[in-house]
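Engineer: One file is attached below, final-v8.txt, containing compact mmCIF, C-alpha atoms.
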# COMPACT_ATOMS: atom_id res chain seq x y z
CA MET G 1 -180.80 -105.24 36.76
CA PRO G 2 -177.45 -103.94 35.35
CA GLY G 3 -178.73 -104.64 31.85
CA GLY G 4 -181.89 -102.65 32.54
CA LEU G 5 -179.83 -99.75 33.91
CA VAL G 6 -177.61 -99.76 30.83
CA ALA G 7 -180.69 -99.74 28.57
CA LEU G 8 -182.15 -96.85 30.57
CA LEU G 9 -178.89 -94.90 30.26
CA ASP G 10 -178.85 -95.61 26.52
CA ASP G 11 -182.40 -94.24 26.25
CA VAL G 12 -181.45 -91.14 28.24
CA ALA G 13 -178.38 -90.60 26.04
CA GLY G 14 -180.51 -91.00 22.91
CA LEU G 15 -183.08 -88.52 24.16
CA THR G 16 -180.29 -86.09 25.11
CA LYS G 17 -178.79 -86.32 21.63
CA LEU G 18 -182.25 -85.80 20.07
CA ALA G 19 -182.90 -82.76 22.27
CA ALA G 20 -179.46 -81.33 21.46
CA ALA G 21 -180.05 -81.83 17.73
CA SER G 22 -183.48 -80.17 18.03
CA LEU G 23 -181.94 -77.22 19.88
CA ASP G 24 -179.27 -76.95 17.19
CA ASP G 25 -182.01 -76.91 14.53
CA VAL G 26 -183.93 -74.24 16.44
CA GLY G 27 -180.78 -72.16 16.91
CA ALA G 28 -179.87 -72.39 13.23
CA ALA G 29 -183.40 -71.56 12.10
CA ALA G 30 -183.62 -68.67 14.56
CA GLY G 31 -180.29 -67.28 13.35
CA LYS G 32 -181.38 -67.50 9.71
CA ALA G 33 -184.78 -65.93 10.40
CA GLY G 34 -183.24 -63.18 12.52
CA THR G 35 -180.78 -62.34 9.75
CA LYS G 36 -183.64 -61.92 7.26
CA ALA G 37 -185.28 -59.44 9.65
CA ILE G 38 -182.17 -57.23 9.84
CA GLY G 39 -183.78 -54.35 7.97
CA VAL G 40 -186.57 -54.02 10.53
CA VAL G 41 -184.08 -54.48 13.39
CA VAL G 42 -181.84 -51.65 12.19
CA ASP G 43 -184.83 -49.36 11.74
CA ASP G 44 -186.05 -50.25 15.25
CA ALA G 45 -182.62 -49.39 16.68
CA ALA G 46 -182.56 -46.12 14.71
CA VAL G 47 -186.05 -45.00 15.79
CA THR G 48 -186.12 -45.91 19.49
CA PRO G 49 -183.47 -43.45 20.84
CA ARG G 50 -185.73 -40.57 19.80
CA TYR G 51 -188.25 -41.57 22.45
CA VAL G 52 -185.94 -40.49 25.29
CA THR G 53 -185.12 -37.05 23.89
CA GLY G 54 -186.18 -34.22 26.20
CA LEU G 55 -186.00 -36.41 29.31
CA THR G 56 -183.49 -36.27 32.17
CA PRO G 57 -180.45 -38.58 31.72
CA GLU G 58 -181.27 -40.66 34.82
CA ARG G 59 -184.67 -41.61 33.31
CA GLU G 60 -183.32 -42.74 29.92
CA LEU G 61 -182.38 -46.33 30.78
CA PRO G 62 -185.51 -47.01 32.92
CA ILE G 63 -187.71 -45.82 30.06
CA ILE G 64 -185.82 -47.95 27.52
CA ALA G 65 -186.27 -50.92 29.88
CA LYS G 66 -190.04 -50.29 29.99
CA ILE G 67 -190.18 -50.05 26.19
CA ALA G 68 -188.19 -53.31 25.93
CA LEU G 69 -190.64 -55.01 28.33
CA GLY G 70 -193.53 -53.77 26.17
CA SER G 71 -191.74 -55.16 23.12
CA VAL G 72 -191.42 -58.59 24.76
CA ARG G 73 -195.16 -58.55 25.57
CA ASN G 74 -195.92 -57.59 21.97
CA LYS G 75 -193.89 -60.47 20.60
CA LEU G 76 -194.63 -63.28 23.05
CA LEU G 77 -198.18 -62.56 24.24
CA ILE G 78 -199.77 -61.09 21.10
CA LEU G 79 -197.79 -61.87 17.96
CA LEU G 80 -196.47 -65.36 18.78
CA PRO G 81 -199.93 -66.91 19.41
CA ALA G 82 -201.34 -65.07 16.39
CA ALA G 83 -198.50 -66.37 14.20
CA LEU G 84 -199.00 -69.98 15.37
CA LEU G 85 -202.76 -69.81 14.76
CA LEU G 86 -202.07 -68.41 11.31
CA SER G 87 -199.59 -71.17 10.56
CA ALA G 88 -201.96 -73.89 11.79
CA PHE G 89 -205.22 -72.74 10.18
CA ALA G 90 -204.37 -70.29 7.38
CA ASP G 91 -200.84 -70.98 6.19
CA TRP G 92 -201.89 -69.83 2.69
CA ALA G 93 -202.12 -66.29 4.11
CA ILE G 94 -198.50 -66.11 5.30
CA THR G 95 -197.02 -65.01 1.96
CA PRO G 96 -199.66 -62.33 1.21
CA LEU G 97 -199.39 -60.95 4.76
CA LEU G 98 -195.62 -60.97 4.51
CA MET G 99 -195.87 -59.06 1.24
CA LEU G 100 -198.15 -56.51 2.93
CA GLY G 101 -195.45 -56.07 5.55
CA GLY G 102 -192.84 -55.73 2.80
CA ALA G 103 -194.98 -53.10 1.07
CA PHE G 104 -195.28 -51.23 4.37
CA LEU G 105 -191.48 -51.28 4.75
CA CYS G 106 -191.11 -49.92 1.21
CA PHE G 107 -193.70 -47.22 1.93
CA GLU G 108 -191.98 -46.10 5.14
CA GLY G 109 -188.54 -46.16 3.53
CA ALA G 110 -189.72 -44.25 0.46
CA GLU G 111 -191.46 -41.67 2.65
CA LYS G 112 -188.19 -41.04 4.46
CA VAL G 113 -186.32 -40.71 1.16
CA LEU G 114 -188.94 -38.35 -0.29
CA GLY G 115 -188.99 -36.35 2.93
CA ALA G 116 -185.21 -36.03 2.90
CA LEU G 117 -185.27 -34.88 -0.74
CA LYS G 118 -187.85 -32.22 0.20
CA GLY G 119 -185.87 -31.16 3.26
CA GLU G 120 -188.53 -32.37 5.70
CA HIS G 121 -187.72 -33.74 9.14
CA HIS G 122 -190.18 -36.05 10.84
CA GLU G 123 -190.00 -36.83 14.55
CA ALA G 124 -191.19 -40.20 15.77
CA THR G 125 -191.93 -38.89 19.29
CA PRO G 126 -195.05 -37.39 20.77
CA VAL G 127 -195.13 -33.62 21.29
CA ASP G 128 -193.49 -32.76 24.59
CA GLU G 129 -195.82 -29.85 25.38
CA GLY G 130 -199.27 -30.27 26.90
CA PHE G 131 -198.42 -32.83 29.60
CA ALA G 132 -199.13 -32.05 33.24
CA ASP G 133 -195.90 -33.53 34.57
CA ALA G 134 -192.83 -35.58 33.68
CA ALA G 135 -194.59 -38.85 34.57
CA ALA G 136 -197.37 -38.16 32.05
CA LEU G 137 -194.79 -37.32 29.39
CA GLU G 138 -192.89 -40.56 30.07
CA LYS G 139 -196.08 -42.61 29.92
CA ALA G 140 -197.04 -41.02 26.59
CA LYS G 141 -193.62 -41.65 25.08
CA ILE G 142 -193.51 -45.25 26.30
CA GLY G 143 -197.00 -45.90 24.91
CA ASP G 144 -196.07 -44.37 21.55
CA ALA G 145 -192.85 -46.41 21.40
CA VAL G 146 -194.62 -49.68 22.27
CA ARG G 147 -197.28 -49.07 19.59
CA THR G 148 -194.57 -48.43 16.99
CA ASP G 149 -192.73 -51.53 18.20
CA LEU G 150 -195.88 -53.62 17.66
CA ILE G 151 -195.78 -52.83 13.93
CA LEU G 152 -192.04 -53.50 13.64
CA SER G 153 -192.31 -56.65 15.75
CA ALA G 154 -195.17 -57.95 13.59
CA GLU G 155 -192.91 -57.60 10.54
CA ILE G 156 -190.05 -59.37 12.35
CA MET G 157 -192.26 -62.26 13.46
CA ALA G 158 -193.85 -62.59 9.99
CA ILE G 159 -190.40 -62.79 8.39
CA ALA G 160 -189.31 -65.40 10.94
CA LEU G 161 -192.52 -67.41 10.51
CA SER G 162 -192.14 -67.52 6.74
CA ASP G 163 -188.76 -69.16 7.19
CA VAL G 164 -190.04 -71.99 9.43
CA ALA G 165 -193.59 -72.36 8.08
CA GLU G 166 -192.94 -75.99 7.07
CA SER G 167 -191.51 -76.98 10.49
CA PRO G 168 -193.49 -78.66 13.30
CA ILE G 169 -195.59 -76.27 15.40
CA LEU G 170 -193.30 -76.67 18.46
CA THR G 171 -190.25 -75.77 16.39
CA GLN G 172 -192.09 -72.73 15.02
CA ALA G 173 -192.98 -71.60 18.55
CA LEU G 174 -189.41 -72.04 19.81
CA VAL G 175 -187.88 -70.27 16.81
CA LEU G 176 -190.29 -67.33 17.06
CA ALA G 177 -189.67 -67.06 20.80
CA VAL G 178 -185.88 -67.19 20.36
CA VAL G 179 -185.97 -64.65 17.52
CA GLY G 180 -188.31 -62.35 19.45
CA LEU G 181 -186.31 -62.42 22.68
CA GLY G 182 -182.92 -62.30 20.96
CA ILE G 183 -183.81 -59.35 18.76
CA THR G 184 -185.41 -57.48 21.67
CA ILE G 185 -182.35 -57.93 23.88
CA GLY G 186 -180.01 -56.99 21.02
CA VAL G 187 -181.97 -53.94 19.85
CA TYR G 188 -182.64 -52.40 23.25
CA GLY G 189 -179.15 -53.23 24.51
CA VAL G 190 -177.71 -51.29 21.56
CA VAL G 191 -180.25 -48.49 22.08
CA GLY G 192 -179.25 -48.21 25.74
CA LEU G 193 -175.60 -47.92 24.73
CA ILE G 194 -176.40 -45.32 22.06
CA VAL G 195 -178.38 -43.03 24.36
CA LYS G 196 -175.65 -43.21 27.00
CA LEU G 197 -172.73 -42.59 24.65
CA ASP G 198 -172.84 -38.84 25.25
CA ASP G 199 -172.91 -39.35 29.04
CA ILE G 200 -170.00 -41.77 28.80
CA GLY G 201 -168.15 -39.28 26.61
CA LEU G 202 -168.86 -36.43 29.04
CA HIS G 203 -167.50 -38.53 31.90
CA LEU G 204 -164.35 -39.36 29.94
CA ALA G 205 -163.90 -35.69 28.97
CA GLN G 206 -163.44 -34.87 32.66
CA ARG G 207 -160.64 -37.40 33.23
CA PRO G 208 -157.05 -36.25 33.90
CA SER G 209 -155.51 -37.91 30.83
CA ALA G 210 -155.43 -35.67 27.75
CA GLY G 211 -155.96 -38.64 25.44
CA VAL G 212 -159.00 -39.86 27.38
CA ARG G 213 -160.43 -36.33 27.45
CA ALA G 214 -160.04 -36.07 23.68
CA LEU G 215 -161.79 -39.45 23.25
CA GLY G 216 -164.65 -38.28 25.46
CA ARG G 217 -165.10 -35.03 23.55
CA GLY G 218 -165.03 -36.99 20.28
CA MET G 219 -167.78 -39.32 21.55
CA VAL G 220 -170.00 -36.39 22.53
CA LYS G 221 -169.48 -34.66 19.19
CA SER G 222 -170.04 -37.87 17.24
CA MET G 223 -173.55 -38.53 18.61
CA PRO G 224 -175.41 -36.47 15.96
CA VAL G 225 -173.37 -38.20 13.24
CA ILE G 226 -174.12 -41.64 14.71
CA MET G 227 -177.84 -40.88 14.77
CA GLN G 228 -177.74 -39.66 11.16
CA VAL G 229 -175.85 -42.78 10.03
CA LEU G 230 -178.32 -45.01 11.88
CA ALA G 231 -181.23 -43.25 10.18
CA VAL G 232 -179.67 -43.64 6.71
CA VAL G 233 -178.71 -47.29 7.26
CA GLY G 234 -182.15 -48.04 8.71
CA THR G 235 -183.92 -46.51 5.71
CA ALA G 236 -181.68 -48.36 3.24
CA ALA G 237 -182.23 -51.64 5.09
CA MET G 238 -186.01 -51.15 5.10
CA LEU G 239 -186.05 -50.63 1.33
CA TRP G 240 -183.71 -53.55 0.64
CA VAL G 241 -185.60 -55.97 2.89
CA GLY G 242 -189.04 -54.73 1.77
CA GLY G 243 -188.14 -55.04 -1.90
CA GLY G 244 -186.64 -58.48 -1.31
CA ILE G 245 -189.81 -59.67 0.46
CA LEU G 246 -191.96 -58.50 -2.44
CA LEU G 247 -189.69 -60.20 -4.98
CA HIS G 248 -189.72 -63.49 -3.09
CA GLY G 249 -193.47 -63.30 -2.44
CA ALA G 250 -194.24 -62.66 -6.09
CA GLU G 251 -192.08 -65.65 -7.00
CA VAL G 252 -193.95 -67.89 -4.55
CA LEU G 253 -197.29 -66.70 -5.96
CA GLY G 254 -196.22 -67.57 -9.53
CA PHE G 255 -194.85 -64.26 -10.83
CA ALA G 256 -191.20 -65.26 -10.88
CA ALA G 257 -189.78 -63.07 -13.69
CA PRO G 258 -188.62 -60.11 -11.50
CA ALA G 259 -186.95 -62.39 -8.94
CA HIS G 260 -185.21 -64.39 -11.69
CA PHE G 261 -183.99 -61.14 -13.31
CA VAL G 262 -182.47 -59.91 -10.03
CA HIS G 263 -181.01 -63.34 -9.30
CA HIS G 264 -179.45 -63.51 -12.80
CA LEU G 265 -177.76 -60.12 -12.42
CA ALA G 266 -176.58 -60.97 -8.90
CA GLU G 267 -175.10 -64.24 -10.14
CA ALA G 268 -173.11 -62.31 -12.74
CA GLY G 269 -171.33 -60.54 -9.88
CA HIS G 270 -169.73 -63.82 -8.80
CA HIS G 271 -167.28 -63.52 -11.72
CA LEU G 272 -165.87 -60.23 -10.37
CA PRO G 273 -163.28 -59.79 -7.60
CA LEU G 274 -164.89 -60.33 -4.16
CA GLY G 275 -167.65 -62.09 -6.08
CA GLY G 276 -169.77 -63.02 -3.06
CA VAL G 277 -169.83 -59.46 -1.72
CA VAL G 278 -170.51 -57.99 -5.17
CA SER G 279 -173.30 -60.50 -5.82
CA TRP G 280 -174.97 -59.67 -2.50
CA ALA G 281 -174.58 -55.92 -3.13
CA ILE G 282 -176.19 -56.20 -6.58
CA GLY G 283 -179.14 -58.15 -5.19
CA ALA G 284 -179.57 -55.71 -2.29
CA LEU G 285 -179.29 -52.68 -4.58
CA LEU G 286 -181.87 -53.98 -7.05
CA SER G 287 -184.21 -54.96 -4.19
CA GLY G 288 -183.77 -51.48 -2.74
CA VAL G 289 -184.52 -49.81 -6.09
CA LEU G 290 -187.69 -51.88 -6.37
CA GLY G 291 -188.52 -50.94 -2.78
CA VAL G 292 -188.13 -47.21 -3.53
CA ALA G 293 -190.28 -47.48 -6.67
CA ILE G 294 -193.12 -49.40 -5.02
CA GLY G 295 -192.93 -47.33 -1.84
CA ALA G 296 -193.05 -44.08 -3.81
CA VAL G 297 -196.15 -45.25 -5.69
CA ILE G 298 -197.89 -46.18 -2.42
CA ALA G 299 -196.85 -42.91 -0.73
CA THR G 300 -198.03 -40.82 -3.69
CA ALA G 301 -201.38 -42.62 -3.82
CA LEU G 302 -201.93 -42.23 -0.07
CA HIS G 303 -201.05 -38.54 -0.17
CA LYS G 304 -203.57 -37.98 -2.97
CA ILE G 305 -206.25 -39.87 -1.04
CA ARG G 306 -205.57 -37.76 2.07
CA HIS G 307 -205.87 -34.53 0.10
Would you put the structure from the file into structure tokens?
Structural biologist:
Amino acid sequence: MPGGLVALLDDVAGLTKLAAASLDDVGAAAGKAGTKAIGVVVDDAAVTPRYVTGLTPERELPIIAKIALGSVRNKLLILLPAALLLSAFADWAITPLLMLGGAFLCFEGAEKVLGALKGEHHEATPVDEGFADAAALEKAKIGDAVRTDLILSAEIMAIALSDVAESPILTQALVLAVVGLGITIGVYGVVGLIVKLDDIGLHLAQRPSAGVRALGRGMVKSMPVIMQVLAVVGTAAMLWVGGGILLHGAEVLGFAAPAHFVHHLAEAGHHLPLGGVVSWAIGALLSGVLGVAIGAVIATALHKIRH
């Protein structure tokens, strides 16, 4: 009996170690996949605060919570099953679909660059006029935000799937779920903080301490700058990630010359001071330049078709 108990405990310990190792693998894969999706994540964080403009401050966080819930449904109930079916029955389509997503990122980024050069300003929110009441306006904005999130989430899940396409189906499901939930919590947590920065600053500006009041006024005044910086960083990240996806996809499909050229130039940066940073910057810059070029071609073609 004691021997049987010891054997059982050994089996339990072995299973525990195996489960822990599997969780470590899932965590590492999820972290790697989430890092590759950073361009889409930054753009998501830059776009979402615009959906609460024109609404009363007390409704901002509830609306962001509803958008976050819609994002979770998008990722776990629509995109996760679709990604697993794709991986199981049409894994050959993952790279082309990922490249389509990369081309879309390049197109959106290039449109923002071209619009900025022309002095245009595009709002990602529905028109506030024409709604019977505040509830209808909120519903319209939430619906618009969730539809936009579906596109961004599809790109995030495709990027994550491409990184674990060779893993067992259970590992793929766990990684996609972890990436989806982690990115949603991170993005909408940051968005909630961003939209409340001016309220926090206004509260601090009314405190007795002169230093705290100055900090509060600085936070209120900095909000437009923060939004501008987010928009610029989001656009740059979209172009860098989109261009990188296209380079990698072309390499996988047999057209490796552009990727090898970028890799060769990036490797040359290792010989300079702060070699790792310089090498990454060169690769990101060249991917971004490619992203602008391809995105501009797509944008120009679509504009001509529309006209």
Engineer: Near Val113 in chain G, counting only C-alpha atoms, which residues have an atom at most 12 Å away, once you skip same-chain residues fewer than 3 positions from it, shown as a PDB file with C-alpha atoms, in the frame of the given file?
Structural biologist:
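See part.pdb below for the written result:
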ATOM      1  CA  CYS G 106    -191.110 -49.920   1.210  1.00  0.00           C
ATOM      2  CA  PHE G 107    -193.700 -47.220   1.930  1.00  0.00           C
ATOM      3  CA  GLU G 108    -191.980 -46.100   5.140  1.00  0.00           C
ATOM      4  CA  GLY G 109    -188.540 -46.160   3.530  1.00  0.00           C
ATOM      5  CA  ALA G 110    -189.720 -44.250   0.460  1.00  0.00           C
ATOM      6  CA  ALA G 116    -185.210 -36.030   2.900  1.00  0.00           C
ATOM      7  CA  LEU G 117    -185.270 -34.880  -0.740  1.00  0.00           C
ATOM      8  CA  LYS G 118    -187.850 -32.220   0.200  1.00  0.00           C
ATOM      9  CA  GLY G 119    -185.870 -31.160   3.260  1.00  0.00           C
ATOM     10  CA  GLU G 120    -188.530 -32.370   5.700  1.00  0.00           C
ATOM     11  CA  HIS G 121    -187.720 -33.740   9.140  1.00  0.00           C
ATOM     12  CA  HIS G 122    -190.180 -36.050  10.840  1.00  0.00           C
ATOM     13  CA  ALA G 231    -181.230 -43.250  10.180  1.00  0.00           C
ATOM     14  CA  VAL G 232    -179.670 -43.640   6.710  1.00  0.00           C
ATOM     15  CA  VAL G 233    -178.710 -47.290   7.260  1.00  0.00           C
ATOM     16  CA  GLY G 234    -182.150 -48.040   8.710  1.00  0.00           C
ATOM     17  CA  THR G 235    -183.920 -46.510   5.710  1.00  0.00           C
ATOM     18  CA  ALA G 236    -181.680 -48.360   3.240  1.00  0.00           C
ATOM     19  CA  MET G 238    -186.010 -51.150   5.100  1.00  0.00           C
ATOM     20  CA  LEU G 239    -186.050 -50.630   1.330  1.00  0.00           C
ATOM     21  CA  GLY G 288    -183.770 -51.480  -2.740  1.00  0.00           C
ATOM     22  CA  VAL G 289    -184.520 -49.810  -6.090  1.00  0.00           C
ATOM     23  CA  GLY G 291    -188.520 -50.940  -2.780  1.00  0.00           C
ATOM     24  CA  VAL G 292    -188.130 -47.210  -3.530  1.00  0.00           C
ATOM     25  CA  ALA G 293    -190.280 -47.480  -6.670  1.00  0.00           C
ATOM     26  CA  GLY G 295    -192.930 -47.330  -1.840  1.00  0.00           C
ATOM     27  CA  ALA G 296    -193.050 -44.080  -3.810  1.00  0.00           C
ATOM     28  CA  ALA G 299    -196.850 -42.910  -0.730  1.00  0.00           C
TER      29      ALA G 299
END
Engineer: With all atoms listed in the file as the atoms that count, which of G:Pro62, G:Pro96, G:Gly189, G:Gly180 lies nearest to Leu80 in chain G?
Structural biologist: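 Distance minimum relative to Leu80 in chain G lands on G:Gly180.
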Engineer: Distance CA of Met223 in chain G-CA of Lys66 in chain G, one decimal place?
Structural biologist: 23.2 Å
Engineer: Nearest to Gln172 in chain G: which of G:Leu302, G:Val190, G:Ala160, G:Val277 is it, counting all atoms listed in the file?
Structural biologist: G:Ala160
Engineer: If I take CA of Ser162 in chain G and CA of Gly249 in chain G, how far is one from the other in Å, to one decimal?
Structural biologist: 10.2 Å
Engineer: State, in Å with one decimal place, the distance from CA of His271 in chain G to CA of Ala259 in chain G.
Structural biologist: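 We find that CA of His271 in chain G and CA of Ala259 in chain G lie 19.9 Å from each other.
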Engineer: From the set G:Ile78, G:Ala205, G:Leu84, G:Ile142, which residue has the shortest atom-to-atom contact distance to Ile64 in chain G, counting all atoms listed in the file?
Structural biologist: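 Using all atoms listed in the file, the shortest distance to Ile64 in chain G belongs to G:Ile142.
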Engineer: Out of G:Ala268, G:Ala257, G:Ser222, G:Ala165, which residue has the shortest atom-to-atom distance to Ala90 in chain G when counting all atoms listed in the file?
Structural biologist: G:Ala165
Engineer: Which is closest to Val297 in chain G among G:Ala237, G:Ala134, G:Ala281, G:Ala103, if we use all atoms listed in the file?
Structural biologist: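 Closest to Val297 in chain G of all the choices is G:Ala103.
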Engineer: Do a neighbour search on range 152-155 of chain G at 6 Å with only C-alpha atoms, toss out local chain neighbours closer than 3 positions, and write the hits as an MDAnalysis selection string.
Structural biologist: chainID G and resid 101 149 158
Engineer: Between G:Leu230, G:Thr95, G:Leu285, G:Trp240, which one has atoms that come closest to Asp163 in chain G, using only C-alpha atoms?
Structural biologist: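 That would be G:Thr95, the residue with the smallest distance to Asp163 in chain G.
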Engineer: So which residues touch Ser287 in chain G within 8 Å, counting only C-alpha atoms, skipping near sequence neighbours fewer than 4 positions away, as a PyMOL selection string?
Structural biologist: chain G and resi 239-244+247+262+283+291
